[in-house]
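Shown next: input_29.cif, given as mmCIF, C-alpha atoms.
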```
data_run
loop_
_atom_site.label_atom_id
_atom_site.label_comp_id
_atom_site.auth_asym_id
_atom_site.auth_seq_id
_atom_site.Cartn_x
_atom_site.Cartn_y
_atom_site.Cartn_z
CA MET A 232 25.72 9.76 8.48
CA SER A 233 25.15 7.86 11.70
CA ALA A 234 22.21 6.59 13.65
CA ILE A 235 21.22 8.63 16.72
CA GLY A 236 20.52 6.56 19.84
CA VAL A 237 18.55 7.76 22.86
CA ALA A 238 21.81 8.35 24.78
CA ASP A 239 23.13 10.64 22.03
CA ILE A 240 20.15 12.98 21.87
CA ASP A 241 21.09 15.50 24.59
CA GLY A 242 24.56 15.99 23.11
CA LEU A 243 23.17 16.71 19.65
CA ILE A 244 20.47 19.25 20.52
CA GLY A 245 21.47 22.60 19.03
CA VAL A 246 24.54 21.24 17.20
CA GLU A 247 24.96 22.19 13.52
CA GLN A 248 25.52 19.06 11.42
CA TYR A 249 25.73 18.00 7.79
CA GLU A 250 26.98 21.13 6.07
CA GLU A 251 25.96 20.85 2.45
CA ALA A 252 26.54 23.19 -0.49
CA GLY A 253 24.05 23.48 -3.32
CA GLU A 254 25.17 21.78 -6.55
CA PHE A 255 24.76 24.93 -8.64
CA PRO A 256 24.40 28.69 -8.16
CA VAL A 257 20.96 30.24 -7.86
CA GLU A 258 19.85 30.88 -11.42
CA GLN A 259 17.31 32.94 -13.26
CA GLY A 260 15.94 30.13 -15.44
CA TYR A 261 14.57 28.20 -12.48
CA ILE A 262 13.12 31.42 -11.07
CA TRP A 263 11.12 31.96 -14.26
CA THR A 264 10.13 28.27 -14.51
CA THR A 265 8.84 28.36 -10.94
CA CYS A 266 6.96 31.62 -11.48
CA ALA A 267 5.47 30.15 -14.67
CA SER A 268 4.40 26.98 -12.83
CA VAL A 269 2.19 29.02 -10.49
CA GLU A 270 1.50 31.93 -12.88
CA ASN A 271 3.22 34.35 -10.49
CA GLY A 272 3.32 37.72 -12.24
CA ASN A 273 5.08 39.60 -9.43
CA PRO A 274 7.17 42.17 -11.37
CA LEU A 275 10.04 41.66 -8.92
CA PHE A 276 10.82 38.51 -10.89
CA TRP A 277 10.05 39.73 -14.42
CA ASP A 278 10.88 43.46 -14.60
CA GLU A 279 14.49 44.52 -14.01
CA GLN A 280 13.52 48.11 -13.24
CA VAL A 281 11.06 47.05 -10.54
CA ALA A 282 13.64 44.65 -9.08
CA GLU A 283 16.20 47.46 -9.02
CA GLN A 284 13.76 49.87 -7.38
CA VAL A 285 12.31 47.49 -4.78
CA THR A 286 15.02 44.93 -3.97
CA ALA A 287 18.21 46.59 -5.33
CA GLY A 288 18.40 44.00 -8.11
CA PRO A 289 16.87 40.64 -8.96
CA ILE A 290 15.95 38.15 -6.26
CA ALA A 291 14.48 34.64 -6.19
CA PRO A 292 11.01 33.99 -4.77
CA PRO A 293 11.64 33.38 -1.07
CA THR A 294 9.71 30.11 -1.05
CA MET A 295 12.19 28.66 -3.57
CA VAL A 296 14.91 28.38 -0.93
CA SER A 297 14.88 24.57 -0.79
CA VAL A 298 14.92 24.27 -4.60
CA TRP A 299 18.62 25.16 -4.69
CA PHE A 300 19.48 22.05 -2.67
CA ARG A 301 17.67 19.30 -4.49
CA PRO A 302 20.39 17.23 -6.17
CA HIS A 303 20.52 16.63 -9.89
CA HIS A 304 18.62 13.50 -10.89
CA TRP A 305 21.93 12.14 -12.13
CA SER A 306 25.49 13.33 -12.15
CA PRO A 307 28.66 11.62 -13.37
CA GLY A 308 30.42 9.36 -10.90
CA ARG A 309 27.92 9.77 -8.09
CA THR A 310 27.39 6.61 -6.06
CA THR A 311 25.57 7.77 -2.94
CA GLN A 312 23.37 10.71 -2.33
CA GLY A 313 22.95 12.75 0.84
CA LEU A 314 19.42 13.10 2.07
CA PRO A 315 18.03 16.60 2.56
CA LEU A 316 16.94 15.82 6.11
CA GLN A 317 19.65 13.37 7.13
CA ILE A 318 19.03 13.85 10.87
CA HIS A 319 15.45 12.67 10.36
CA PHE A 320 16.73 9.42 8.86
CA ASP A 321 19.44 9.10 11.56
CA LEU A 322 16.74 9.34 14.24
CA LYS A 323 14.49 6.79 12.53
CA GLU A 324 17.33 4.31 12.28
CA GLY A 325 18.87 4.92 15.69
CA LEU A 326 15.61 4.91 17.62
CA GLY A 327 14.23 1.89 15.75
CA LEU A 328 11.25 3.77 14.33
CA PRO A 329 10.67 2.47 10.80
CA GLU A 330 7.79 4.77 9.86
CA ALA A 331 7.69 8.54 9.91
CA VAL A 332 5.50 11.44 8.88
CA MET A 333 6.26 15.14 8.76
CA SER A 334 3.40 17.00 10.42
CA ASP A 335 4.24 20.59 9.68
CA ASN A 336 6.85 22.80 8.15
CA THR A 337 7.73 26.43 8.92
CA ILE A 338 9.98 28.66 6.82
CA VAL A 339 11.33 31.95 8.19
CA PHE A 340 12.79 34.26 5.56
CA HIS A 341 15.80 36.49 6.13
CA GLU A 342 18.23 38.02 3.57
CA PRO A 343 16.88 37.68 -0.01
CA VAL A 344 18.40 35.02 -2.27
CA ARG A 345 19.81 36.41 -5.53
CA PRO A 346 20.83 34.88 -8.85
CA GLY A 347 24.47 33.80 -8.60
CA ASP A 348 24.31 33.10 -4.86
CA ARG A 349 25.81 29.85 -3.65
CA LEU A 350 23.94 28.62 -0.62
CA VAL A 351 25.01 26.30 2.16
CA THR A 352 22.76 24.43 4.58
CA ARG A 353 23.29 22.93 7.98
CA GLN A 354 20.86 20.79 9.94
CA ILE A 355 20.19 21.25 13.67
CA LEU A 356 18.25 18.91 15.92
CA ARG A 357 16.12 21.12 18.17
CA SER A 358 14.14 18.62 20.25
CA VAL A 359 13.08 15.01 20.63
CA SER A 360 10.02 14.13 22.73
CA ASP A 361 9.52 11.27 25.12
CA GLU A 362 7.68 8.27 23.67
CA LYS A 363 4.09 9.03 22.77
CA THR A 364 1.26 6.98 21.33
CA THR A 365 -0.94 8.42 18.59
CA ARG A 366 -3.40 6.78 16.23
CA LEU A 367 -0.47 6.00 13.91
CA GLY A 368 1.55 4.11 16.51
CA THR A 369 4.09 4.64 19.29
CA GLY A 370 7.11 6.82 18.71
CA ARG A 371 8.66 10.23 19.22
CA PHE A 372 8.18 13.71 17.82
CA TRP A 373 11.24 15.68 16.79
CA VAL A 374 11.98 19.14 15.44
CA ILE A 375 14.80 19.67 12.97
CA ASP A 376 15.91 23.08 11.66
CA VAL A 377 17.60 23.52 8.30
CA VAL A 378 19.61 26.75 8.29
CA TYR A 379 20.40 28.35 4.93
CA ARG A 380 23.24 30.85 4.45
CA ASN A 381 24.67 32.55 1.38
CA GLN A 382 28.32 32.70 0.31
CA ARG A 383 28.85 35.76 2.53
CA GLY A 384 27.57 33.90 5.60
CA ASP A 385 24.32 35.89 5.71
CA LEU A 386 21.35 33.96 7.07
CA VAL A 387 18.80 33.60 4.27
CA ALA A 388 16.21 31.24 5.76
CA VAL A 389 15.48 28.73 8.49
CA GLU A 390 13.13 25.83 7.83
CA SER A 391 11.75 23.89 10.79
CA TYR A 392 10.29 20.44 10.31
CA THR A 393 8.25 18.57 12.90
CA GLY A 394 8.46 14.82 12.37
CA PHE A 395 6.89 11.86 14.13
CA GLY A 396 8.82 8.59 13.89
CA TYR A 397 6.85 5.57 15.02
CA ARG A 398 6.25 1.85 15.03
CA ARG A 399 2.89 0.64 13.81
CA PRO A 400 0.81 -1.24 16.37
CA GLU A 401 1.49 -4.96 15.88
CA ALA A 402 -2.14 -5.99 16.06
CA ALA A 403 -5.44 -4.18 16.23
CA GLY A 404 -5.94 -5.46 19.78
CA ASP A 405 -2.76 -3.73 20.92
CA ARG A 406 -3.91 -0.36 19.71
CA GLU A 407 -4.07 2.37 22.29
CA SER A 408 -6.22 5.40 21.91
CA GLY A 409 -4.48 8.63 21.05
CA SER A 410 -4.72 11.77 19.04
CA MET B 54 -1.38 41.43 -9.32
CA ARG B 55 -0.66 44.97 -8.18
CA ALA B 56 1.70 47.14 -10.18
CA ALA B 57 4.88 48.32 -8.45
CA ALA B 58 3.47 51.79 -7.84
CA ASP B 59 0.23 50.43 -6.41
CA ARG B 60 1.47 49.19 -3.07
CA LEU B 61 -0.70 47.79 -0.31
CA LEU B 62 0.07 49.77 2.86
CA ALA B 63 -0.22 48.50 6.42
CA GLY B 64 -2.93 51.07 7.04
CA ASP B 65 -5.09 49.51 4.30
CA VAL B 66 -5.35 46.27 6.28
CA THR B 67 -7.33 45.34 9.38
CA VAL B 68 -8.19 42.09 11.12
CA GLY B 69 -10.80 40.37 8.99
CA THR B 70 -9.57 41.84 5.68
CA ARG B 71 -9.97 39.09 3.08
CA LEU B 72 -7.48 38.40 0.34
CA PRO B 73 -9.02 38.06 -3.14
CA ASP B 74 -9.87 34.38 -3.76
CA LEU B 75 -7.79 32.51 -6.32
CA SER B 76 -9.33 29.59 -8.19
CA TYR B 77 -7.26 27.38 -10.50
CA PRO B 78 -8.07 24.22 -12.47
CA VAL B 79 -5.28 21.70 -11.87
CA THR B 80 -4.09 19.56 -14.77
CA ALA B 81 -1.38 16.93 -15.07
CA THR B 82 0.78 19.69 -16.54
CA THR B 83 0.27 21.82 -13.40
CA VAL B 84 1.53 18.94 -11.24
CA VAL B 85 4.46 17.91 -13.45
CA LEU B 86 5.60 21.46 -14.20
CA GLY B 87 5.42 22.32 -10.51
CA ALA B 88 7.42 19.26 -9.47
CA LEU B 89 10.15 19.82 -12.05
CA ALA B 90 10.33 23.56 -11.30
CA ALA B 91 11.02 22.54 -7.70
CA ARG B 92 13.57 19.91 -8.84
CA ASP B 93 11.44 17.22 -7.21
CA TRP B 94 12.03 14.14 -9.34
CA ARG B 95 10.03 11.72 -7.18
CA PRO B 96 7.74 9.60 -9.36
CA MET B 97 4.49 10.24 -7.50
CA HIS B 98 4.56 13.73 -8.98
CA HIS B 99 4.83 12.63 -12.63
CA ASP B 100 4.06 8.88 -12.94
CA LYS B 101 0.39 8.03 -12.45
CA ASP B 102 0.99 4.26 -12.27
CA PHE B 103 3.52 4.77 -9.49
CA ALA B 104 1.23 7.15 -7.60
CA VAL B 105 -1.70 4.73 -7.80
CA GLU B 106 0.18 1.50 -7.14
CA ARG B 107 2.78 2.65 -4.61
CA ASN B 108 1.19 5.65 -2.91
CA GLY B 109 -2.38 4.43 -3.10
CA THR B 110 -3.57 7.78 -4.42
CA ARG B 111 -5.93 8.20 -7.35
CA ASP B 112 -3.41 10.13 -9.46
CA ILE B 113 -0.20 12.16 -9.32
CA PHE B 114 -0.45 15.04 -6.85
CA LEU B 115 0.98 18.53 -6.24
CA ASN B 116 4.23 18.47 -4.30
CA THR B 117 4.80 20.51 -1.16
CA PRO B 118 7.47 22.98 -2.42
CA ASN B 119 5.26 23.90 -5.37
CA GLN B 120 2.34 24.48 -3.01
CA ALA B 121 4.61 26.90 -1.12
CA ALA B 122 5.14 28.75 -4.42
CA TRP B 123 1.36 28.87 -4.95
CA PHE B 124 0.84 30.31 -1.44
CA GLU B 125 3.54 32.92 -2.09
CA ARG B 126 1.87 33.94 -5.34
CA PHE B 127 -1.51 34.16 -3.59
CA VAL B 128 -0.11 36.51 -0.91
CA THR B 129 1.93 38.73 -3.23
CA ASP B 130 -0.91 39.03 -5.76
CA TRP B 131 -2.60 40.88 -2.89
CA THR B 132 0.34 42.87 -1.48
CA GLY B 133 2.19 43.71 -4.68
CA PRO B 134 5.99 43.58 -4.86
CA PHE B 135 6.58 45.62 -1.69
CA GLY B 136 5.02 42.87 0.44
CA ARG B 137 7.86 40.83 1.96
CA LEU B 138 7.15 37.41 3.43
CA GLN B 139 8.45 36.93 6.95
CA ARG B 140 7.35 33.36 7.71
CA MET B 141 5.00 30.60 6.56
CA THR B 142 3.83 27.41 8.31
CA PHE B 143 2.17 24.65 6.33
CA ARG B 144 0.03 21.75 7.40
CA MET B 145 -0.74 19.13 4.77
CA LEU B 146 -4.19 17.58 5.15
CA GLY B 147 -4.85 15.99 1.76
CA SER B 148 -3.60 15.77 -1.81
CA ILE B 149 -4.49 17.87 -4.85
CA PHE B 150 -4.90 15.98 -8.14
CA PRO B 151 -5.34 16.72 -11.85
CA GLY B 152 -9.02 17.49 -12.45
CA ASP B 153 -9.37 19.30 -9.11
CA THR B 154 -10.17 22.99 -9.01
CA MET B 155 -8.14 24.37 -6.13
CA VAL B 156 -9.37 27.48 -4.39
CA PHE B 157 -7.13 29.67 -2.22
CA ARG B 158 -8.80 31.80 0.44
CA GLY B 159 -7.14 33.94 3.06
CA GLU B 160 -7.90 36.42 5.81
CA VAL B 161 -5.93 38.80 8.01
CA THR B 162 -5.92 37.54 11.62
CA ASP B 163 -3.64 40.09 13.26
CA THR B 164 -1.65 43.21 12.45
CA GLY B 165 1.15 45.05 14.21
CA VAL B 166 4.39 46.97 14.10
CA ASP B 167 7.45 45.31 15.61
CA GLU B 168 10.10 46.93 17.83
CA THR B 169 12.12 47.97 14.77
CA GLY B 170 9.16 49.80 13.22
CA CYS B 171 8.36 47.08 10.65
CA ALA B 172 4.62 46.70 9.99
CA TRP B 173 3.21 43.22 9.41
CA ALA B 174 -0.02 41.33 8.84
CA ALA B 175 -0.67 37.76 9.97
CA LEU B 176 -2.73 35.62 7.60
CA ASP B 177 -4.70 32.39 7.75
CA ILE B 178 -4.82 30.79 4.31
CA ALA B 179 -6.20 27.51 3.02
CA VAL B 180 -6.28 25.80 -0.34
CA SER B 181 -9.43 23.72 -0.74
CA VAL B 182 -11.00 21.39 -3.28
CA ASP B 183 -14.79 21.10 -3.24
CA GLY B 184 -14.80 22.83 0.14
CA ASP B 185 -12.30 20.43 1.78
CA ALA B 186 -9.11 22.09 3.01
CA LYS B 187 -6.11 20.26 1.53
CA THR B 188 -3.32 22.44 2.94
CA THR B 189 -3.53 25.20 5.51
CA CYS B 190 -0.95 27.93 5.88
CA THR B 191 -0.35 30.64 8.44
CA ALA B 192 1.86 33.41 7.17
CA ARG B 193 3.21 36.77 8.22
CA VAL B 194 4.02 39.40 5.63
CA ALA B 195 5.72 42.74 6.13
CA LEU B 196 3.97 45.73 4.54
CA PRO B 197 5.10 49.32 3.98
CA LEU B 198 3.86 51.80 6.58
CA SER B 199 3.86 54.61 4.03
CA ALA B 200 4.73 55.30 0.39
CA ASP B 201 8.31 56.03 1.54
CA ASP B 202 8.71 52.76 3.40
CA ASN B 203 10.04 49.55 1.83
CA PRO B 204 10.30 46.37 3.94
CA TRP B 205 12.96 45.02 1.54
CA ASP B 206 15.37 47.75 2.74
CA ARG B 207 15.55 46.06 6.14
CA ARG B 208 18.62 43.99 7.01
CA GLY B 209 20.29 42.56 10.09
CA ASP B 210 18.76 43.79 13.36
CA ARG B 211 16.13 45.79 11.48
CA TRP B 212 14.57 42.59 10.06
CA ARG B 213 13.01 40.35 12.71
CA PRO B 214 10.72 37.93 10.89
#
```
Final structure tokens representation of the file:
Amino acid sequence: MSAIGVADIDGLIGVEQYEEAGEFPVEQGYIWTTCASVENGNPLFWDEQVAEQVTAGPIAPPTMVSVWFRPHHWSPGRTTQGLPLQIHFDLKEGLGLPEAVMSDNTIVFHEPVRPGDRLVTRQILRSVSDEKTTRLGTGRFWVIDVVYRNQRGDLVAVESYTGFGYRRPEAAGDRESGS
Amino acid sequence: MRAAADRLLAGDVTVGTRLPDLSYPVTATTVVLGALAARDWRPMHHDKDFAVERNGTRDIFLNTPNQAAWFERFVTDWTGPFGRLQRMTFRMLGSIFPGDTMVFRGEVTDTGVDETGCAWAALDIAVSVDGDAKTTCTARVALPLSADDNPWDRRGDRWRP
């Protein structure tokens, strides 16, 4: 984990960083808990025969892809914890932008995720803008992709996050107009 | 929710087709269950004092990954199990709290068949409370072209989401 300075940005665009494996295999219990939480009755997730007919066996709801990477709340011996979007925090630190918001999030779904799969993610910095001033403050927009693959190397999903790291205006009088 | 045999086909859908509305009364249980199902242990999704004092919100609020699960349910309630999500983009505009009744509405904005022969529908969806959009979502979902077609059979170069 290292801060990313302005001079480092060009060399990091498109580079896969921070390979991380999920702490546990994809499992049916979480699939049912998630479906229960939103009352999702899709028979793909509840009826083995339908899952066999439609998806050649059980799958996880596609939107659960990030669930398999959230670390346990506690585990023995752990002292530090990786952050799911480490590049985002590297950029904030390296560019001296203490505040940040995520403006939007896109998920593209590829090969289905199945119970027993062990997924791996890598993060890729796609772009960093020049300095811009918005109503929040002055800073930079960036796009980070999180690429998910299964244990066979198949692409299962790509999440893209657009973030804006910024400094708050120091005083109301310094505020510039912006969108 | 459609049964497996009752599949929505691409030919059933045109621009302007509306998805059936989904209305749901949110409770503290909805928020906490959704956060824990998504393995999101952050306190603003289960600890009201923390949410009020540290986040400045009026209560705990639905987390983003669980909202994604709600949007998925909303889309596949309409398509049935043969509908296969290709992509979703979310924009968060406001929070959803216990006591709110959230209402999902969606409409088909475009349809097509890609170069591999996969049919799809593009959707604009929003979840609102008292008429205010809290999260908007654009999505694209693959649909069978016929009763013999199954988007889930597509792999590799035949799946271009």
Tell me which residues the PyMOL selection byres ((chain A) within 10 of (chain B)) grabs here, as a VMD selection string.
-> chain A and resid 260 to 276 278 280 to 282 284 to 287 292 to 304 333 to 343 385 to 386 388 to 392
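Taking atom CA of Val194 of chain B and atom CA of Ala252 of chain A as endpoints, the distance between them is 28.4 Å.
If you count only C-alpha atoms and draw a sphere of 10 Å around (-13.0, 37.9, 6.4), the protein and nucleic acid residues inside it come out as Thr67, Val68, Gly69, Thr70, Arg71, Leu72, Arg158, Gly159, Glu160, Val161 and Thr162 of chain B.
Taking atom CA of Val166 of chain B as the reference point, atom CA of Trp131 of chain B is found at 19.4 Å.
The spacing separating atom CA of Trp277 of chain A from atom CA of Val344 of chain A amounts to 15.5 Å.
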Please complete segment 100-114 of chain B with N, CA and C atoms and give it back as a PDB file, in the frame of the given file.
```pdb
ATOM      1  N   ASP B 100       4.343  10.221 -12.416  1.00  0.00           N
ATOM      2  CA  ASP B 100       4.060   8.880 -12.940  1.00  0.00           C
ATOM      3  C   ASP B 100       2.776   8.370 -12.278  1.00  0.00           C
ATOM      4  N   LYS B 101       1.689   8.393 -13.049  1.00  0.00           N
ATOM      5  CA  LYS B 101       0.390   8.030 -12.450  1.00  0.00           C
ATOM      6  C   LYS B 101       0.389   6.587 -11.950  1.00  0.00           C
ATOM      7  N   ASP B 102       0.983   5.667 -12.714  1.00  0.00           N
ATOM      8  CA  ASP B 102       0.990   4.260 -12.270  1.00  0.00           C
ATOM      9  C   ASP B 102       1.671   4.135 -10.911  1.00  0.00           C
ATOM     10  N   PHE B 103       2.798   4.828 -10.763  1.00  0.00           N
ATOM     11  CA  PHE B 103       3.520   4.770  -9.490  1.00  0.00           C
ATOM     12  C   PHE B 103       2.654   5.345  -8.371  1.00  0.00           C
ATOM     13  N   ALA B 104       2.040   6.496  -8.637  1.00  0.00           N
ATOM     14  CA  ALA B 104       1.230   7.150  -7.600  1.00  0.00           C
ATOM     15  C   ALA B 104       0.082   6.233  -7.147  1.00  0.00           C
ATOM     16  N   VAL B 105      -0.547   5.581  -8.114  1.00  0.00           N
ATOM     17  CA  VAL B 105      -1.700   4.730  -7.800  1.00  0.00           C
ATOM     18  C   VAL B 105      -1.238   3.455  -7.085  1.00  0.00           C
ATOM     19  N   GLU B 106      -0.210   2.819  -7.658  1.00  0.00           N
ATOM     20  CA  GLU B 106       0.180   1.500  -7.140  1.00  0.00           C
ATOM     21  C   GLU B 106       1.005   1.592  -5.862  1.00  0.00           C
ATOM     22  N   ARG B 107       1.873   2.591  -5.757  1.00  0.00           N
ATOM     23  CA  ARG B 107       2.780   2.650  -4.610  1.00  0.00           C
ATOM     24  C   ARG B 107       2.300   3.613  -3.526  1.00  0.00           C
ATOM     25  N   ASN B 108       1.658   4.693  -3.923  1.00  0.00           N
ATOM     26  CA  ASN B 108       1.190   5.650  -2.910  1.00  0.00           C
ATOM     27  C   ASN B 108      -0.271   5.447  -2.556  1.00  0.00           C
ATOM     28  N   GLY B 109      -0.973   4.674  -3.385  1.00  0.00           N
ATOM     29  CA  GLY B 109      -2.380   4.430  -3.100  1.00  0.00           C
ATOM     30  C   GLY B 109      -3.253   5.638  -3.330  1.00  0.00           C
ATOM     31  N   THR B 110      -2.763   6.598  -4.118  1.00  0.00           N
ATOM     32  CA  THR B 110      -3.570   7.780  -4.420  1.00  0.00           C
ATOM     33  C   THR B 110      -4.257   7.571  -5.771  1.00  0.00           C
ATOM     34  N   ARG B 111      -5.209   8.439  -6.109  1.00  0.00           N
ATOM     35  CA  ARG B 111      -5.930   8.200  -7.350  1.00  0.00           C
ATOM     36  C   ARG B 111      -5.193   8.733  -8.566  1.00  0.00           C
ATOM     37  N   ASP B 112      -4.147   9.540  -8.329  1.00  0.00           N
ATOM     38  CA  ASP B 112      -3.410  10.130  -9.460  1.00  0.00           C
ATOM     39  C   ASP B 112      -2.129  10.732  -8.902  1.00  0.00           C
ATOM     40  N   ILE B 113      -1.325  11.343  -9.788  1.00  0.00           N
ATOM     41  CA  ILE B 113      -0.200  12.160  -9.320  1.00  0.00           C
ATOM     42  C   ILE B 113      -0.762  13.356  -8.547  1.00  0.00           C
ATOM     43  N   PHE B 114       0.067  13.950  -7.689  1.00  0.00           N
ATOM     44  CA  PHE B 114      -0.450  15.040  -6.850  1.00  0.00           C
ATOM     45  C   PHE B 114       0.592  16.136  -6.678  1.00  0.00           C
TER      46      PHE B 114
END
```
